[in-house]
Every structure is written in structure tokens, then in C-alpha cells.
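Taking it in order: structure first as C-alpha cells, then the write-up.
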Amino acid sequence: MSKFSSQITTLFIVVALVCAFVPVFSVEEAEAKSLWNTCLVKITPKCALDIIAVVFENGTISDPCCNDLVKEGKMCHDTLIKYIADKPMLIAHETEYLKKSDDLWNHCVSISKST
């Protein structure tokens, strides 16, 4: 039961992050819904948080999360990271975050190919 509770809590955190970030950028409602339906449902909430931690902090990512990221697709990954990086409090370091995002993508593609 504890594992289930922590997964639900993580899911709510991811949903809260998306709700907090997406409206800030005046994303069309239909586009935000499409992004949610096509991108965020492809990865687990824990992997989503790990991806965010790698790009915006100094987190690490597991091989299974790398595989999920590659399955999510580059367009989804780039779009979601760009939305977050464009947040006013982060935009000053946007170039750094986008580089880390590309580095993460390349790392995960290499992991995905080796499994």
C-alpha cells in the first residue's frame, strides 16, 4: 500500500508541475491537452521527475527511465523541456538546460540501443 501511495503522490506532483508550467506560457488549451495525451502518458511519474532533475538540477536517470524517454520521443521531450525552461525564473539559463536536455537525450538513445 505504501508503494501505491508514493506512486499516486508522485503522479500528483507531475500533474501539478504540468499545470503550473503549461498555463504560464499561454499554451493553447487544445495544444496542452494534446501534449498531455501524447507525451506525458508515455512515461511514469517517477521517470518524469528524474528527467526534470537531470535537466534542471544534477539528478541521475536509470536505464529503464532512459528507455521510457526514448519511447516518449524527441519531439515530446524537447517540447516539455522547452516549456519548463521558458519559465521566467529559469529563462536566464535556458541555453544550459537545452544543452543538458540534448545530452540526456543522446545518453538515453545510446542506452536504449544497447538494451
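Letters A, B, ... mark the chains of the C-alpha cells in the order given; residue numbers begin at 1 per chain; ligand numbers begin at 1, in order shown.
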Query raised in the report: Which neighbours of A:Asp63 fall inside 8 Å, counting only C-alpha atoms, when residues of the same chain fewer than 5 positions from it are skipped, and could you give them as a ChimeraX atom specification?
Result: /A:108,111-112
Please write the residues from the selection above to a file, keeping N, CA and C atoms, as an mmCIF file, in the first residue's frame.
```
data_model
loop_
_atom_site.group_PDB
_atom_site.id
_atom_site.type_symbol
_atom_site.label_atom_id
_atom_site.label_comp_id
_atom_site.auth_asym_id
_atom_site.auth_seq_id
_atom_site.Cartn_x
_atom_site.Cartn_y
_atom_site.Cartn_z
ATOM 1 N N CYS A 108 20.396 8.662 -23.410
ATOM 2 C CA CYS A 108 19.312 7.692 -23.350
ATOM 3 C C CYS A 108 19.168 6.905 -24.662
ATOM 4 N N ILE A 111 21.777 4.265 -24.487
ATOM 5 C CA ILE A 111 21.349 3.226 -23.530
ATOM 6 C C ILE A 111 20.285 2.350 -24.181
ATOM 7 N N SER A 112 19.350 2.982 -24.843
ATOM 8 C CA SER A 112 18.239 2.266 -25.471
ATOM 9 C C SER A 112 18.730 1.315 -26.564
#
```
Report task. Find the residues around A:His77 up to 12 Å (only C-alpha atoms counted), leave out those fewer than 2 positions away in its own chain, and share them as a ChimeraX atom specification. Result -> /A:35-36,38-40,42-43,48,51-52,55,66,68-75,79-84,98,100-102,104-106,108
